[in-house]
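A.B. asks: I'd like to ask some things about the structure below.
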Amino acid sequence: MKLKNLFVAGASLLSLSLAAQQKQVDVLIKSGNIIDVKTGQVLKGRTVAIEKDKIIAVVADKDAKQFRAAKTLNARGKYIMPGLWDMHMHFGGGDSIIHENKNFLPLYLAHGVTSIRDAAADISPAVLAWRDSINKGTLQGPTIYTSGPKLEGYKSIWRGDIEIGTSEELQQALDSLQKLKVDFIKITDNTLSPALYMESIREARKRGYKVSAHIPNSIPMKDIVDAGLSSVEHLGYMVKAGINNEAEISHQIANGTLKGKDISAAIRANYDTSAAMAMYRYMAEHGTAVTPTLNGSYAIAYLDQNNHANDPYLLYLGKGLLNTYTWRVEMANKADAAAIKARHENFERTAAVLPLLQKAGVMILAGTDAGYLNSYNYPGIGIHSELALFVKYGLTPLQALQASVINGPAFMNKSQYGSIETGKLADVLILDANPLENISATEKIHAVVTKGSLLTRSDLDKMLTEIKRKTAMGL
């Protein structure tokens, strides 16, 4: 009996000694397969230790005993990668539906999206407040990078813009955006003069901002790249950039000798792969990225084949947001057979540019255009659809993932993201299957870690249920 008691006492002391030697961490993700999204290598049998919002260690499973955790996730057979980034979305639709927009925050997290880039809308004060609260840890949601209100000319067709018509007004606008501490500058060109458009890019860059923009038909892409544009928003602009006489066509558009449908016809007739590759390489050399936003365009282009009436994701969006979908849908539904055929051809022609950009070395940013206004382009699931379209139209699954989790933070100069490594911030996605083998695996989410907080599959399902409940009640 004494010998047995001595054995028990010795074992207890050994256990206490081991516990004393173990480092306490907040979250331990055990025995998973880490995807190195930079190389495509899969590191098997790894344990990730997280303390507060940082990854403090990545070790082989045999070395995991050095840690004990408040929360432990068994990731055996799972795949671990950085959280997804949606690099082009929109909050908006007016102050009356701010509460509906706020439901996007858990919706993104529930789909493994831990960072989003708001590319301007009309509820910027609320978005900026959410951004700051999330950064402080007082509100749960994806990290938000926002442009605040975008720059436009007088009588803009978009709500919430800062309308400018002079150099002085441009400087005042940039002053106001700087006071808001926006993360980048967004410019569109519906009523903004070409000269002020170019000046806006140059002046915003002088202040140290990245500049994202739509592209006027009246200005050659080379001139815009030379002015310092950081990113082109929407792939369609890359078709005109690839024509063999773009400077001439731009001049004709600027002086009014080429207009309306003749512009589209001229672009179609003069697209040239050699000229396109030369321009795309020029963009790559000068650091001009492209955010394709295929998902929303695809939904409208093929609305005749899928009217989305039975989409389960409609249950996550409030009535006010759904009402913003109406105008695009109504326009698309007026199309006759010839217009529908042209719509399909235009999308396919545009999507074919994607692998050329990749080949040329252009930084491709994965963004959806989801949120308000853009019909059936759903926050959260939208980035998964975008990545699937990237693969469908010529990228590898690895290249698609890189466009989100590597290029997103690189564009925003956030080096603390993009990989599962010691010292990186703990925004982590744990999947049931390998997305390098099938990109749809990004949808098979086992768990999410956001800013060091573990959300299990059960937690994520509860979040989705709560969003549906609030939406149904108009909350």
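By convention here, the chains of the structure tokens are called A, B, ... in the order presented, each chain's residues are numbered starting at 1, and ligands are numbered starting at 1 in the order presented.
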At a cut-off of 10 Å, can you tabulate as CSV every residue of range 273-309 of chain A near range 384-407 of chain A together with its closest atom pair and the distance in Å to one decimal, using only C-alpha atoms and ordering rows by chain then number?

C.D. replies:
```
residue,atom,partner,partner_atom,distance
A:Ala289,CA,A:Asn407,CA,9.3
A:Thr291,CA,A:Ala403,CA,9.1
A:Pro292,CA,A:Glu386,CA,9.0
A:Thr293,CA,A:Glu386,CA,7.1
A:Leu294,CA,A:Glu386,CA,6.3
A:Asn295,CA,A:Glu386,CA,5.2
A:Gly296,CA,A:Glu386,CA,8.8
A:Tyr298,CA,A:Leu389,CA,8.8
```

A.B. asks: Please save C-alpha atoms of the selected residues as a PDB file, in the first residue's frame.

C.D. replies:
```
ATOM      1  CA  ALA A 289      -3.717  46.053 -59.080  1.00  0.00           C
ATOM      2  CA  THR A 291     -10.168  43.807 -58.386  1.00  0.00           C
ATOM      3  CA  PRO A 292     -12.251  41.786 -60.907  1.00  0.00           C
ATOM      4  CA  THR A 293     -15.569  41.550 -58.946  1.00  0.00           C
ATOM      5  CA  LEU A 294     -16.865  38.776 -61.204  1.00  0.00           C
ATOM      6  CA  ASN A 295     -19.551  37.507 -58.850  1.00  0.00           C
ATOM      7  CA  GLY A 296     -22.036  40.347 -59.163  1.00  0.00           C
ATOM      8  CA  TYR A 298     -22.093  36.912 -63.315  1.00  0.00           C
TER       9      TYR A 298
END
```

A.B. asks: Considering only C-alpha atoms, return as a compact mmCIF listing (two decimals) with N, CA and C atoms, in the first residue's frame whatever protein or nucleic-acid residues lie within 12 Å of Ser31 in chain A, sequence-local ones (same chain, fewer than 4 positions apart) excluded.

C.D. replies:
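Contents of the output file result.txt:
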```
# COMPACT_ATOMS: atom_id res chain seq x y z
N LEU A 43 1.63 21.59 -44.72
CA LEU A 43 2.44 21.12 -43.59
C LEU A 43 1.54 20.29 -42.68
N LYS A 44 1.78 18.99 -42.64
CA LYS A 44 0.89 18.09 -41.91
C LYS A 44 1.27 17.98 -40.44
N GLY A 45 0.26 17.70 -39.63
CA GLY A 45 0.50 17.45 -38.22
C GLY A 45 1.08 18.62 -37.47
N ARG A 46 0.42 19.77 -37.57
CA ARG A 46 0.91 20.97 -36.90
C ARG A 46 -0.10 21.46 -35.86
N THR A 47 0.43 22.05 -34.81
CA THR A 47 -0.38 22.67 -33.77
C THR A 47 -0.09 24.16 -33.72
N VAL A 48 -1.15 24.96 -33.65
CA VAL A 48 -1.03 26.41 -33.65
C VAL A 48 -1.44 26.94 -32.28
N ALA A 49 -0.54 27.68 -31.64
CA ALA A 49 -0.82 28.27 -30.33
C ALA A 49 -1.10 29.75 -30.48
N VAL A 58 3.93 27.86 -33.92
CA VAL A 58 3.44 26.80 -34.80
C VAL A 58 4.44 25.66 -34.66
N VAL A 59 3.99 24.53 -34.11
CA VAL A 59 4.91 23.44 -33.80
C VAL A 59 4.39 22.11 -34.34
N ALA A 60 5.30 21.15 -34.49
CA ALA A 60 4.90 19.79 -34.81
C ALA A 60 4.10 19.24 -33.63
N ASP A 61 3.19 18.31 -33.92
CA ASP A 61 2.32 17.80 -32.87
C ASP A 61 3.10 17.24 -31.68
N LYS A 62 4.26 16.64 -31.95
CA LYS A 62 5.05 16.04 -30.86
C LYS A 62 5.53 17.09 -29.85
N ASP A 63 5.53 18.35 -30.27
CA ASP A 63 5.98 19.42 -29.38
C ASP A 63 4.83 20.21 -28.75
N ALA A 64 3.61 19.74 -28.97
CA ALA A 64 2.44 20.51 -28.52
C ALA A 64 2.22 20.44 -27.01
N LYS A 65 2.87 19.47 -26.35
CA LYS A 65 2.65 19.32 -24.90
C LYS A 65 3.20 20.49 -24.09
N THR A 72 -9.27 24.43 -26.68
CA THR A 72 -8.50 23.58 -27.60
C THR A 72 -9.43 23.06 -28.69
N LEU A 73 -8.97 23.14 -29.93
CA LEU A 73 -9.73 22.63 -31.06
C LEU A 73 -8.95 21.48 -31.69
N ASN A 74 -9.60 20.33 -31.78
CA ASN A 74 -8.99 19.19 -32.47
C ASN A 74 -9.15 19.38 -33.97
N ALA A 75 -8.04 19.62 -34.66
CA ALA A 75 -8.09 19.88 -36.10
C ALA A 75 -7.53 18.72 -36.91
N ARG A 76 -7.52 17.53 -36.33
CA ARG A 76 -7.00 16.37 -37.06
C ARG A 76 -7.81 16.15 -38.34
N GLY A 77 -7.13 16.05 -39.46
CA GLY A 77 -7.80 15.87 -40.74
C GLY A 77 -8.34 17.16 -41.33
N LYS A 78 -8.16 18.28 -40.63
CA LYS A 78 -8.65 19.58 -41.11
C LYS A 78 -7.51 20.36 -41.76
N TYR A 79 -7.88 21.46 -42.41
CA TYR A 79 -6.91 22.30 -43.11
C TYR A 79 -6.97 23.72 -42.55
N ILE A 80 -5.80 24.23 -42.21
CA ILE A 80 -5.70 25.52 -41.53
C ILE A 80 -5.07 26.54 -42.47
N ILE A 430 -10.35 27.30 -40.43
CA ILE A 430 -10.12 25.85 -40.34
C ILE A 430 -11.19 25.17 -41.18
```

A.B. asks: Can you tell me which residues surround range 199-211 of chain A at a distance of at most 7 Å, considering only C-alpha atoms, apart from same-chain residues fewer than 3 positions away, and format the answer as a ChimeraX atom specification?

C.D. replies: /A:170,184-186,195-196,227-231

A.B. asks: Using N, CA and C atoms, can you write the selected residues to a file as a short mmCIF file (atom, residue, chain, number, x, y, z; two decimals), in the first residue's frame?

C.D. replies:
```cif
data_model
loop_
_atom_site.label_atom_id
_atom_site.label_comp_id
_atom_site.auth_asym_id
_atom_site.auth_seq_id
_atom_site.Cartn_x
_atom_site.Cartn_y
_atom_site.Cartn_z
N LEU A 170 -11.32 69.76 -54.29
CA LEU A 170 -10.60 68.49 -54.15
C LEU A 170 -9.77 68.49 -52.86
N PHE A 184 -8.24 54.33 -47.46
CA PHE A 184 -7.82 54.54 -48.84
C PHE A 184 -8.80 55.50 -49.48
N ILE A 185 -8.53 55.92 -50.70
CA ILE A 185 -9.41 56.85 -51.41
C ILE A 185 -10.05 56.13 -52.59
N LYS A 186 -11.36 56.35 -52.75
CA LYS A 186 -12.10 55.77 -53.88
C LYS A 186 -12.59 56.91 -54.78
N ALA A 195 -9.84 65.88 -66.19
CA ALA A 195 -8.70 66.59 -65.60
C ALA A 195 -8.71 66.48 -64.08
N LEU A 196 -9.90 66.64 -63.47
CA LEU A 196 -9.98 66.58 -62.01
C LEU A 196 -9.85 65.14 -61.52
N ALA A 227 -0.30 58.25 -63.47
CA ALA A 227 -0.74 59.18 -62.42
C ALA A 227 -0.63 58.57 -61.03
N GLY A 228 -0.53 57.23 -60.98
CA GLY A 228 -0.32 56.57 -59.69
C GLY A 228 -1.48 55.75 -59.16
N LEU A 229 -2.44 55.39 -60.03
CA LEU A 229 -3.58 54.61 -59.55
C LEU A 229 -3.11 53.31 -58.90
N SER A 230 -3.68 53.00 -57.74
CA SER A 230 -3.29 51.80 -57.00
C SER A 230 -4.07 50.57 -57.45
N SER A 231 -5.37 50.74 -57.72
CA SER A 231 -6.15 49.58 -58.17
C SER A 231 -7.31 50.00 -59.05
#
```

A.B. asks: Mind the document's chain letters and residue numbers, and return as JSON, numbers by chain the residues of range 51-152 of chain A that DSSP labels strand (DSSP E).

C.D. replies: {"A": [51, 54, 55, 56, 57, 58, 59, 60, 67, 68, 69, 70, 71, 72, 73, 74, 79, 80, 81, 82, 84, 85, 86, 87, 88, 89, 90, 113, 114, 115, 116, 117, 118, 143, 144, 145, 146, 151, 152]}

A.B. asks: Using N, CA and C atoms, can you export the residues from the last selection as a compact mmCIF listing (two decimals), in the first residue's frame?

C.D. replies:
```
# COMPACT_ATOMS: atom_id res chain seq x y z
N GLU A 51 -2.26 33.38 -28.48
CA GLU A 51 -2.42 34.14 -27.25
C GLU A 51 -2.91 35.54 -27.61
N LYS A 54 -2.60 37.04 -31.34
CA LYS A 54 -1.43 36.66 -32.12
C LYS A 54 -1.14 35.16 -32.08
N ILE A 55 -0.59 34.69 -33.19
CA ILE A 55 -0.06 33.33 -33.23
C ILE A 55 1.32 33.38 -32.57
N ILE A 56 1.48 32.67 -31.45
CA ILE A 56 2.77 32.75 -30.75
C ILE A 56 3.67 31.55 -31.07
N ALA A 57 3.09 30.49 -31.67
CA ALA A 57 3.92 29.34 -32.04
C ALA A 57 3.17 28.46 -33.02
N VAL A 58 3.93 27.86 -33.92
CA VAL A 58 3.44 26.80 -34.80
C VAL A 58 4.44 25.66 -34.66
N VAL A 59 3.99 24.53 -34.11
CA VAL A 59 4.91 23.44 -33.80
C VAL A 59 4.39 22.11 -34.34
N ALA A 60 5.30 21.15 -34.49
CA ALA A 60 4.90 19.79 -34.81
C ALA A 60 4.10 19.24 -33.63
N PHE A 67 2.28 23.36 -24.34
CA PHE A 67 1.21 24.35 -24.19
C PHE A 67 -0.01 23.74 -23.51
N ARG A 68 -0.70 24.56 -22.75
CA ARG A 68 -2.05 24.22 -22.30
C ARG A 68 -2.93 25.44 -22.59
N ALA A 69 -4.18 25.19 -22.90
CA ALA A 69 -5.01 26.27 -23.43
C ALA A 69 -6.36 26.36 -22.74
N ALA A 70 -6.89 27.57 -22.74
CA ALA A 70 -8.25 27.78 -22.26
C ALA A 70 -9.25 27.10 -23.19
N LYS A 71 -8.94 27.12 -24.49
CA LYS A 71 -9.79 26.46 -25.48
C LYS A 71 -8.90 25.67 -26.44
N THR A 72 -9.27 24.43 -26.68
CA THR A 72 -8.50 23.58 -27.60
C THR A 72 -9.43 23.06 -28.69
N LEU A 73 -8.97 23.14 -29.93
CA LEU A 73 -9.73 22.63 -31.06
C LEU A 73 -8.95 21.48 -31.69
N ASN A 74 -9.60 20.33 -31.78
CA ASN A 74 -8.99 19.19 -32.47
C ASN A 74 -9.15 19.38 -33.97
N TYR A 79 -7.88 21.46 -42.41
CA TYR A 79 -6.91 22.30 -43.11
C TYR A 79 -6.97 23.72 -42.55
N ILE A 80 -5.80 24.23 -42.21
CA ILE A 80 -5.70 25.52 -41.53
C ILE A 80 -5.07 26.54 -42.47
N MET A 81 -5.72 27.68 -42.63
CA MET A 81 -5.21 28.73 -43.51
C MET A 81 -5.61 30.09 -42.94
N PRO A 82 -5.05 31.17 -43.46
CA PRO A 82 -5.48 32.50 -43.00
C PRO A 82 -6.94 32.77 -43.35
N LEU A 84 -10.18 34.69 -44.81
CA LEU A 84 -10.38 35.28 -46.14
C LEU A 84 -10.54 36.80 -46.06
N TRP A 85 -10.16 37.46 -47.13
CA TRP A 85 -10.35 38.91 -47.30
C TRP A 85 -11.28 39.14 -48.48
N ASP A 86 -12.30 39.98 -48.29
CA ASP A 86 -13.13 40.47 -49.39
C ASP A 86 -12.70 41.91 -49.65
N MET A 87 -12.02 42.11 -50.78
CA MET A 87 -11.37 43.39 -51.05
C MET A 87 -12.24 44.40 -51.80
N HIS A 88 -13.53 44.10 -51.94
CA HIS A 88 -14.43 45.10 -52.52
C HIS A 88 -15.86 44.74 -52.14
N MET A 89 -16.39 45.47 -51.18
CA MET A 89 -17.80 45.30 -50.80
C MET A 89 -18.35 46.68 -50.50
N HIS A 90 -19.65 46.74 -50.25
CA HIS A 90 -20.29 48.03 -49.98
C HIS A 90 -21.30 47.92 -48.84
N VAL A 113 -14.68 35.07 -43.41
CA VAL A 113 -14.12 36.32 -43.92
C VAL A 113 -13.76 37.19 -42.73
N THR A 114 -12.47 37.39 -42.51
CA THR A 114 -12.01 38.10 -41.32
C THR A 114 -11.57 39.53 -41.60
N SER A 115 -11.50 39.92 -42.89
CA SER A 115 -11.18 41.30 -43.25
C SER A 115 -11.97 41.69 -44.49
N ILE A 116 -12.48 42.93 -44.51
CA ILE A 116 -13.24 43.41 -45.66
C ILE A 116 -12.80 44.83 -46.00
N ARG A 117 -12.95 45.17 -47.28
CA ARG A 117 -12.63 46.53 -47.73
C ARG A 117 -13.90 47.16 -48.30
N ASP A 118 -14.40 48.16 -47.58
CA ASP A 118 -15.62 48.87 -47.98
C ASP A 118 -15.24 49.94 -48.99
N THR A 143 -12.23 42.77 -39.61
CA THR A 143 -11.50 44.03 -39.69
C THR A 143 -11.99 44.79 -40.92
N ILE A 144 -12.32 46.06 -40.74
CA ILE A 144 -12.85 46.88 -41.83
C ILE A 144 -11.81 47.89 -42.29
N TYR A 145 -11.60 47.95 -43.59
CA TYR A 145 -10.84 49.03 -44.22
C TYR A 145 -11.84 49.77 -45.10
N THR A 146 -11.94 51.07 -44.94
CA THR A 146 -12.97 51.80 -45.67
C THR A 146 -12.43 53.07 -46.30
N LEU A 151 -15.01 60.13 -54.06
CA LEU A 151 -14.96 61.39 -54.80
C LEU A 151 -15.70 61.25 -56.12
N GLU A 152 -16.50 62.26 -56.45
CA GLU A 152 -17.24 62.30 -57.72
C GLU A 152 -17.41 63.76 -58.13
```

A.B. asks: Quick one: residues within 12 Å of His344 in chain A, only C-alpha atoms, excluding same-chain residues fewer than 5 positions away - as a count of residues only?

C.D. replies: 17

A.B. asks: Report the residues of range 249-312 of chain A whose backbone DSSP state falls under helix (DSSP H, G or I), written as a PyMOL selection string.

C.D. replies: chain A and resi 249-254+261-270+273-285+294-301+312

A.B. asks: Nearest to Gly83 in chain A: which of A:Ser218, A:Thr422, A:Thr450, A:Ser124 is it, counting only C-alpha atoms?

C.D. replies: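 The answer is A:Thr450, which sits nearest to Gly83 in chain A.
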
A.B. asks: So what do you get for CA of Asn135 in chain A versus CA of Asp53 in chain A, distance-wise?

C.D. replies: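 If I compute the distance from CA of Asn135 in chain A to CA of Asp53 in chain A, I get 11.1 Å.
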
A.B. asks: As a VMD selection string, please: the residues near Asn101 in chain A (cut-off 9 Å, only C-alpha atoms, same-chain neighbours under 2 positions excluded).

C.D. replies: chain A and resid 91 to 93 97 to 99 103 to 105 317 to 318 321 371 to 372

A.B. asks: How would the residues just chosen look if you wrote them out with N, CA and C atoms as a short mmCIF file (atom, residue, chain, number, x, y, z; two decimals), in the first residue's frame?

C.D. replies:
```cif
data_model
loop_
_atom_site.label_atom_id
_atom_site.label_comp_id
_atom_site.auth_asym_id
_atom_site.auth_seq_id
_atom_site.Cartn_x
_atom_site.Cartn_y
_atom_site.Cartn_z
N PHE A 91 -21.11 48.75 -47.83
CA PHE A 91 -22.20 49.04 -46.90
C PHE A 91 -22.99 50.19 -47.51
N GLY A 92 -24.31 50.22 -47.28
CA GLY A 92 -25.04 51.37 -47.78
C GLY A 92 -26.53 51.15 -47.93
N GLY A 93 -27.18 52.13 -48.55
CA GLY A 93 -28.61 52.08 -48.75
C GLY A 93 -29.38 53.09 -47.92
N ILE A 97 -31.49 51.87 -43.04
CA ILE A 97 -31.16 50.43 -43.01
C ILE A 97 -29.74 50.19 -42.49
N ILE A 98 -29.26 51.10 -41.67
CA ILE A 98 -27.95 50.88 -41.03
C ILE A 98 -27.97 49.57 -40.24
N HIS A 99 -29.09 49.30 -39.54
CA HIS A 99 -29.17 48.07 -38.73
C HIS A 99 -29.08 46.82 -39.60
N ASN A 103 -25.77 43.71 -39.74
CA ASN A 103 -25.85 42.25 -39.74
C ASN A 103 -24.83 41.61 -40.68
N PHE A 104 -24.23 42.42 -41.57
CA PHE A 104 -23.16 41.88 -42.42
C PHE A 104 -21.98 41.41 -41.58
N LEU A 105 -21.76 42.05 -40.45
CA LEU A 105 -20.54 41.78 -39.67
C LEU A 105 -20.47 40.32 -39.23
N LEU A 317 -30.81 38.89 -45.52
CA LEU A 317 -30.83 40.30 -45.90
C LEU A 317 -32.19 40.92 -45.61
N GLY A 318 -32.17 42.10 -44.99
CA GLY A 318 -33.40 42.80 -44.67
C GLY A 318 -34.12 43.33 -45.90
N LEU A 321 -32.45 46.29 -47.79
CA LEU A 321 -31.34 45.90 -48.65
C LEU A 321 -31.84 45.23 -49.92
N GLY A 371 -23.01 43.42 -50.98
CA GLY A 371 -23.57 44.36 -50.01
C GLY A 371 -24.90 44.87 -50.49
N TYR A 372 -25.03 46.17 -50.54
CA TYR A 372 -26.28 46.74 -51.04
C TYR A 372 -26.15 47.00 -52.53
#
```

A.B. asks: Which polymer residues have any atom within 10 Å of an atom of Lys319 in chain A, counting only C-alpha atoms, with same-chain residues fewer than 2 positions away left out, as a list of chain:residue names?

C.D. replies: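 Neighbouring residues, sequence-local ones excluded: A:Ile97, A:Glu100, A:Leu314, A:Leu315, A:Tyr316, A:Leu317, A:Leu321, A:Leu322, A:Asn323, A:Thr324, A:Thr471, A:Ala472, A:Gly474.
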
A.B. asks: Could you take the residues named above and write them with C-alpha atoms, as a compact mmCIF listing (two decimals), in the first residue's frame?

C.D. replies:
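Dumped everything to part-v6.txt:
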```txt
# COMPACT_ATOMS: atom_id res chain seq x y z
CA ILE A 97 -31.16 50.43 -43.01
CA GLU A 100 -29.52 45.75 -41.73
CA LEU A 314 -32.10 36.03 -49.16
CA LEU A 315 -33.08 35.14 -45.59
CA TYR A 316 -30.02 36.97 -44.26
CA LEU A 317 -30.83 40.30 -45.90
CA LEU A 321 -31.34 45.90 -48.65
CA LEU A 322 -33.37 43.67 -50.94
CA ASN A 323 -35.18 46.73 -52.26
CA THR A 324 -31.83 48.13 -53.42
CA THR A 471 -33.76 39.85 -40.32
CA ALA A 472 -37.20 38.25 -40.04
CA GLY A 474 -36.73 43.69 -39.06
```

A.B. asks: Measuring atom to atom with only C-alpha atoms, identify which of A:Gly153, A:Gly148, A:Gly160, A:Pro220 is nearest to Thr191 in chain A.

C.D. replies: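 Answer, going by the shortest atom-to-atom distance: A:Gly153.
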
A.B. asks: So the first atom is CA of Tyr154 in chain A and the second is CA of Tyr237 in chain A; what is the distance between them in Å, to one decimal place?

C.D. replies: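 If I compute the distance from CA of Tyr154 in chain A to CA of Tyr237 in chain A, I get 22.9 Å.
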
A.B. asks: I'd like the interatomic distance between CA of Gly32 in chain A and CA of Glu437 in chain A, to a tenth of an Å.

C.D. replies: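 If I compute the distance from CA of Gly32 in chain A to CA of Glu437 in chain A, I get 16.6 Å.
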
A.B. asks: When you count only C-alpha atoms, which of these residues is closest to Ala309 in chain A: A:Ser375, A:Glu348, A:Ala410, A:Ala241?

C.D. replies: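 For Ala309 in chain A, the nearest of the given residues is A:Ser375.
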